[in-house]
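Student: Below is the file structure26.pdb, which contains PDB, C-alpha atoms.
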```pdb
ATOM      1  CA  MET A 153       8.822 239.683 242.536
ATOM      2  CA  ARG A 154       5.416 238.525 241.390
ATOM      3  CA  SER A 155       5.924 234.929 240.263
ATOM      4  CA  ASP A 156       8.449 232.294 239.265
ATOM      5  CA  HIS A 157       7.133 229.376 237.161
ATOM      6  CA  LEU A 158       8.380 226.542 234.995
ATOM      7  CA  VAL A 159       6.664 226.645 231.590
ATOM      8  CA  VAL A 160       6.692 224.652 228.369
ATOM      9  CA  PRO A 161       5.981 226.279 225.000
ATOM     10  CA  THR A 162       2.534 225.142 223.850
ATOM     11  CA  HIS A 163       2.414 226.567 220.329
ATOM     12  CA  ALA A 164       3.772 224.098 217.756
ATOM     13  CA  GLY A 165       6.068 226.712 216.185
ATOM     14  CA  SER A 166       7.484 227.797 219.534
ATOM     15  CA  ARG A 167       7.956 224.207 220.643
ATOM     16  CA  GLY A 168       9.889 223.550 217.429
ATOM     17  CA  PHE A 169      12.313 226.377 218.241
ATOM     18  CA  TYR A 170      12.793 225.406 221.884
ATOM     19  CA  PRO A 171      11.275 222.093 223.039
ATOM     20  CA  GLU A 172      12.752 222.212 226.580
ATOM     21  CA  ARG A 173      11.226 223.624 229.746
ATOM     22  CA  LEU A 174      11.696 227.329 230.434
ATOM     23  CA  ARG A 175      11.481 229.498 233.482
ATOM     24  CA  ARG A 176       9.111 232.481 233.459
ATOM     25  CA  VAL A 177       9.869 235.179 236.017
ATOM     26  CA  ARG A 178       7.364 237.994 236.473
ATOM     27  CA  TYR A 179       8.670 241.122 238.122
ATOM     28  CA  THR A 180       7.034 244.440 239.010
ATOM     29  CA  ASP A 181       9.353 247.409 238.663
ATOM     30  CA  PRO A 182       9.025 249.449 241.874
ATOM     31  CA  THR A 183       9.716 252.788 240.155
ATOM     32  CA  THR A 184       7.361 252.513 237.159
ATOM     33  CA  HIS A 185       4.946 249.896 238.608
ATOM     34  CA  THR A 186       5.022 247.973 235.329
ATOM     35  CA  THR A 187       5.016 244.192 235.279
ATOM     36  CA  LEU A 188       7.750 242.577 233.207
ATOM     37  CA  SER A 189       7.902 238.906 232.160
ATOM     38  CA  PHE A 190      11.210 237.203 231.451
ATOM     39  CA  LEU A 191      11.789 233.797 229.885
ATOM     40  CA  THR A 192      15.068 232.093 230.694
ATOM     41  CA  ASN A 193      16.670 228.677 230.626
ATOM     42  CA  SER A 194      18.641 229.389 233.818
ATOM     43  CA  PHE A 195      17.239 227.392 236.703
ATOM     44  CA  VAL A 196      20.028 228.023 239.223
ATOM     45  CA  LEU A 197      19.931 231.822 239.619
ATOM     46  CA  PRO A 198      17.464 233.396 242.040
ATOM     47  CA  ALA A 199      14.449 235.056 240.417
ATOM     48  CA  VAL A 200      15.491 238.497 241.679
ATOM     49  CA  THR A 201      18.905 238.123 240.012
ATOM     50  CA  ILE A 202      17.279 237.207 236.698
ATOM     51  CA  ALA A 203      15.042 240.280 236.889
ATOM     52  CA  GLN A 204      18.045 242.495 237.693
ATOM     53  CA  LEU A 205      20.057 241.033 234.791
ATOM     54  CA  TYR A 206      17.291 241.635 232.275
ATOM     55  CA  THR A 207      16.598 245.171 233.479
ATOM     56  CA  ALA A 208      20.342 245.962 233.364
ATOM     57  CA  ARG A 209      20.319 244.642 229.796
ATOM     58  CA  TRP A 210      18.359 247.729 228.722
ATOM     59  CA  GLN A 211      21.133 249.958 230.032
ATOM     60  CA  ILE A 212      23.601 248.007 227.913
ATOM     61  CA  GLU A 213      21.328 248.388 224.880
ATOM     62  CA  LEU A 214      21.168 252.153 225.473
ATOM     63  CA  PHE A 215      24.958 252.277 225.746
ATOM     64  CA  PHE A 216      25.404 250.559 222.369
ATOM     65  CA  LYS A 217      22.751 252.813 220.840
ATOM     66  CA  TRP A 218      24.778 255.804 222.077
ATOM     67  CA  ILE A 219      27.937 254.298 220.581
ATOM     68  CA  LYS A 220      26.240 253.862 217.205
ATOM     69  CA  GLN A 221      24.922 257.425 217.237
ATOM     70  CA  HIS A 222      27.960 259.300 218.563
ATOM     71  CA  LEU A 223      31.143 257.395 217.816
ATOM     72  CA  ARG A 224      32.490 257.162 214.306
ATOM     73  CA  ILE A 225      33.052 253.423 214.050
ATOM     74  CA  LYS A 226      32.282 252.340 210.513
ATOM     75  CA  ALA A 227      33.658 248.804 210.796
ATOM     76  CA  PHE A 228      35.646 246.755 213.266
ATOM     77  CA  TYR A 229      39.177 246.008 212.094
ATOM     78  CA  GLY A 230      39.552 242.900 214.218
ATOM     79  CA  THR A 231      37.242 240.107 215.277
ATOM     80  CA  SER A 232      38.652 239.217 218.679
ATOM     81  CA  ALA A 233      37.121 240.621 221.845
ATOM     82  CA  ASN A 234      40.344 242.520 222.554
ATOM     83  CA  ALA A 235      40.341 244.158 219.094
ATOM     84  CA  VAL A 236      36.722 245.293 219.421
ATOM     85  CA  LYS A 237      37.251 246.610 222.966
ATOM     86  CA  THR A 238      40.404 248.464 221.905
ATOM     87  CA  GLN A 239      38.616 250.128 218.999
ATOM     88  CA  ILE A 240      35.621 251.127 221.132
ATOM     89  CA  TRP A 241      37.846 252.521 223.919
ATOM     90  CA  THR A 242      39.896 254.465 221.360
ATOM     91  CA  ALA A 243      36.731 255.990 219.883
ATOM     92  CA  ILE A 244      35.445 256.889 223.368
ATOM     93  CA  ALA A 245      38.815 258.480 224.219
ATOM     94  CA  VAL A 246      38.697 260.585 221.047
ATOM     95  CA  TYR A 247      35.126 261.656 221.836
ATOM     96  CA  VAL A 248      36.076 262.668 225.397
ATOM     97  CA  LEU A 249      39.184 264.544 224.206
ATOM     98  CA  VAL A 250      37.136 266.494 221.671
ATOM     99  CA  ALA A 251      34.590 267.295 224.406
ATOM    100  CA  ILE A 252      37.418 268.590 226.615
ATOM    101  CA  VAL A 253      38.799 270.721 223.758
ATOM    102  CA  LYS A 254      35.317 272.110 223.095
ATOM    103  CA  LYS A 255      34.875 273.070 226.749
ATOM    104  CA  ARG A 256      38.372 274.527 227.206
ATOM    105  CA  LEU A 257      38.142 276.647 224.043
ATOM    106  CA  GLY A 258      34.575 277.671 224.838
ATOM    107  CA  LEU A 259      33.383 276.688 221.362
ATOM    108  CA  ASP A 260      29.708 277.258 220.668
ATOM    109  CA  VAL A 261      29.261 274.310 218.325
ATOM    110  CA  SER A 262      27.844 270.819 218.824
ATOM    111  CA  LEU A 263      30.201 267.910 219.423
ATOM    112  CA  HIS A 264      28.895 266.232 216.274
ATOM    113  CA  LYS A 265      29.732 269.235 214.121
ATOM    114  CA  LEU A 266      33.115 269.667 215.828
ATOM    115  CA  LEU A 267      33.987 266.043 215.069
ATOM    116  CA  GLN A 268      32.971 266.584 211.426
ATOM    117  CA  VAL A 269      35.132 269.703 211.144
ATOM    118  CA  LEU A 270      38.100 267.963 212.737
ATOM    119  CA  SER A 271      37.777 264.983 210.414
ATOM    120  CA  LEU A 272      37.791 267.332 207.399
ATOM    121  CA  THR A 273      40.677 269.497 208.579
ATOM    122  CA  LEU A 274      42.758 266.822 210.286
ATOM    123  CA  PHE A 275      45.980 267.616 208.430
ATOM    124  CA  GLU A 276      45.394 271.358 207.989
ATOM    125  CA  LYS A 277      47.676 273.645 209.946
ATOM    126  CA  MET A 278      45.238 276.112 211.494
ATOM    127  CA  PRO A 279      43.827 276.806 214.958
ATOM    128  CA  ILE A 280      40.791 274.734 215.886
ATOM    129  CA  SER A 281      38.673 277.803 216.582
ATOM    130  CA  THR A 282      39.408 279.142 213.077
ATOM    131  CA  ALA A 283      38.538 275.806 211.490
ATOM    132  CA  VAL A 284      35.289 275.587 213.446
ATOM    133  CA  PHE A 285      34.096 279.075 212.589
ATOM    134  CA  ASP A 286      35.300 279.097 208.972
ATOM    135  CA  ILE A 287      34.224 275.617 207.958
ATOM    136  CA  GLY A 288      31.365 275.414 210.469
ATOM    137  CA  SER A 289      29.781 278.523 209.001
ATOM    138  CA  GLN A 290      30.115 277.031 205.508
ATOM    139  CA  PHE A 291      28.071 274.027 206.629
ATOM    140  CA  GLU A 292      25.306 276.292 207.933
ATOM    141  CA  ASN A 293      25.255 278.556 204.873
ATOM    142  CA  MET A 294      25.011 275.722 202.358
ATOM    143  CA  GLY A 295      21.782 275.887 200.431
ATOM    144  CA  THR A 296      19.571 272.962 199.625
ATOM    145  CA  GLY A 297      19.692 273.651 195.886
ATOM    146  CA  ASN A 298      20.745 270.148 194.933
ATOM    147  CA  GLN A 299      18.598 268.495 197.592
ATOM    148  CA  LEU A 300      15.551 266.657 196.311
ATOM    149  CA  GLN A 301      12.248 267.568 197.930
ATOM    150  CA  LEU A 302      10.372 264.753 199.618
ATOM    151  CA  PHE A 303       7.123 266.698 199.732
ATOM    152  CA  ASN A 304       6.137 269.793 197.758
ATOM    153  CA  LEU A 305       5.247 272.002 200.702
TER     154      LEU A 305
END
```
What does the file become when written as structure tokens?
Tutor:
Amino acid sequence: MRSDHLVVPTHAGSRGFYPERLRRVRYTDPTTHTTLSFLTNSFVLPAVTIAQLYTARWQIELFFKWIKQHLRIKAFYGTSANAVKTQIWTAIAVYVLVAIVKKRLGLDVSLHKLLQVLSLTLFEKMPISTAVFDIGSQFENMGTGNQLQLFNL
């Protein structure tokens, strides 16, 4: 912990957004030796707790980035916290089950491609390994004939 101060925004624009006092906590990360500054309106929590909360926030951000990149959630079907949690847990369960199937069958294909193949052949009656190698090879052999070129290289 480097410092813990009460501050007031001095810039007119900043003061217009938040005219109250704020707490500025400066913290040096022991692993990277970088100094981080946090602004908060919490005056009751210890400074170390505030630093831990904000650094844990980055782990949460990385988790949601992973969800956006790996899980196929196009839209949430409910707006309550329970509906969103249920949909996220269902998508995580599907992802884990597909990872288990991939490992048990010894498939040499990425999880992303396996999920694509399964979504295309969901109601087809064929073994997964056949679907992966038949349809997966079609994805790889597709030309870029109808693909527009960004640069003429």
Student: Once the PyMOL selection byres ((chain A and resi 255-267) around 10) has been evaluated on this model, what residues remain selected, and can you format them as an NGL selection string?
Tutor: :A and (221-224 or 246-254 or 268-273 or 280-281 or 283-285 or 287-288 or 291)
Student: Residues near Gln239 (chain A), anyone? I mean within 9 Å using only C-alpha atoms, not counting same-chain ones fewer than 2 positions away, as a list in words.
Tutor: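 Within the cut-off, the hits are Ile225, Phe228, Tyr229, Gly230, Asn234, Ala235, Val236, Lys237, Trp241, Thr242, Ala243 and Ile244 of chain A.
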Student: Evaluate the PyMOL selection byres ((chain A and resi 159) around 6) here and jot the selected residues down as a list in words.
Tutor: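 Here the PyMOL selection byres ((chain A and resi 159) around 6) matches Leu158, Val160, Arg173, Leu174 and Arg175 of chain A.
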Student: Between A:Ile219, A:Ile240, A:Ala245, A:Val177, which residue has the minimum interatomic distance to Ala203 (chain A), considering all atoms listed in the file?
Tutor: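 For Ala203 (chain A), the nearest of the candidates is A:Val177.
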Student: One decimal, in Å: what's the spacing between CA of Phe169 (chain A) and CA of Phe195 (chain A)?
Tutor: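 We find that CA of Phe169 (chain A) and CA of Phe195 (chain A) lie 19.1 Å from each other.
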Student: Choose the residue, out of A:Ala233, A:Asp156, A:Phe275, A:Gln211, that has the smallest atom-to-atom separation from Thr192 (chain A); count all atoms listed in the file.
Tutor: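 Among A:Ala233, A:Asp156, A:Phe275, A:Gln211, it is A:Asp156 that comes nearest to Thr192 (chain A).
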Student: Go through A:Arg167, A:Arg209, A:Lys220, A:Arg154 one by one, measure the shortest atom-to-atom distance of each to Tyr179 (chain A) using all atoms listed in the file, and give the residue with the smallest value.
Tutor: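 So, comparing all the options, the nearest one is A:Arg154.
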Student: Pick from A:Thr201, A:Tyr206, A:Leu274, A:Lys217: nearest to Leu188 (chain A), with only C-alpha atoms counted?
Tutor: A:Tyr206
Student: Hey, can you check how far CA of Gly165 (chain A) sits from CA of Val196 (chain A)?
Tutor: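 Rounded to one decimal, the two atoms are 27.0 Å apart.
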Student: Set up a box along x, y and z of the file covering all listed atoms of region 206-217 of chain A, add 8 Å on every one of the six sides, and write the centre and edge lengths in Å to one decimal, as lines of an AutoDock Vina configuration file.
Tutor:
```
center_x = 21.0
center_y = 247.2
center_z = 227.2
size_x = 24.8
size_y = 27.2
size_z = 28.6
```
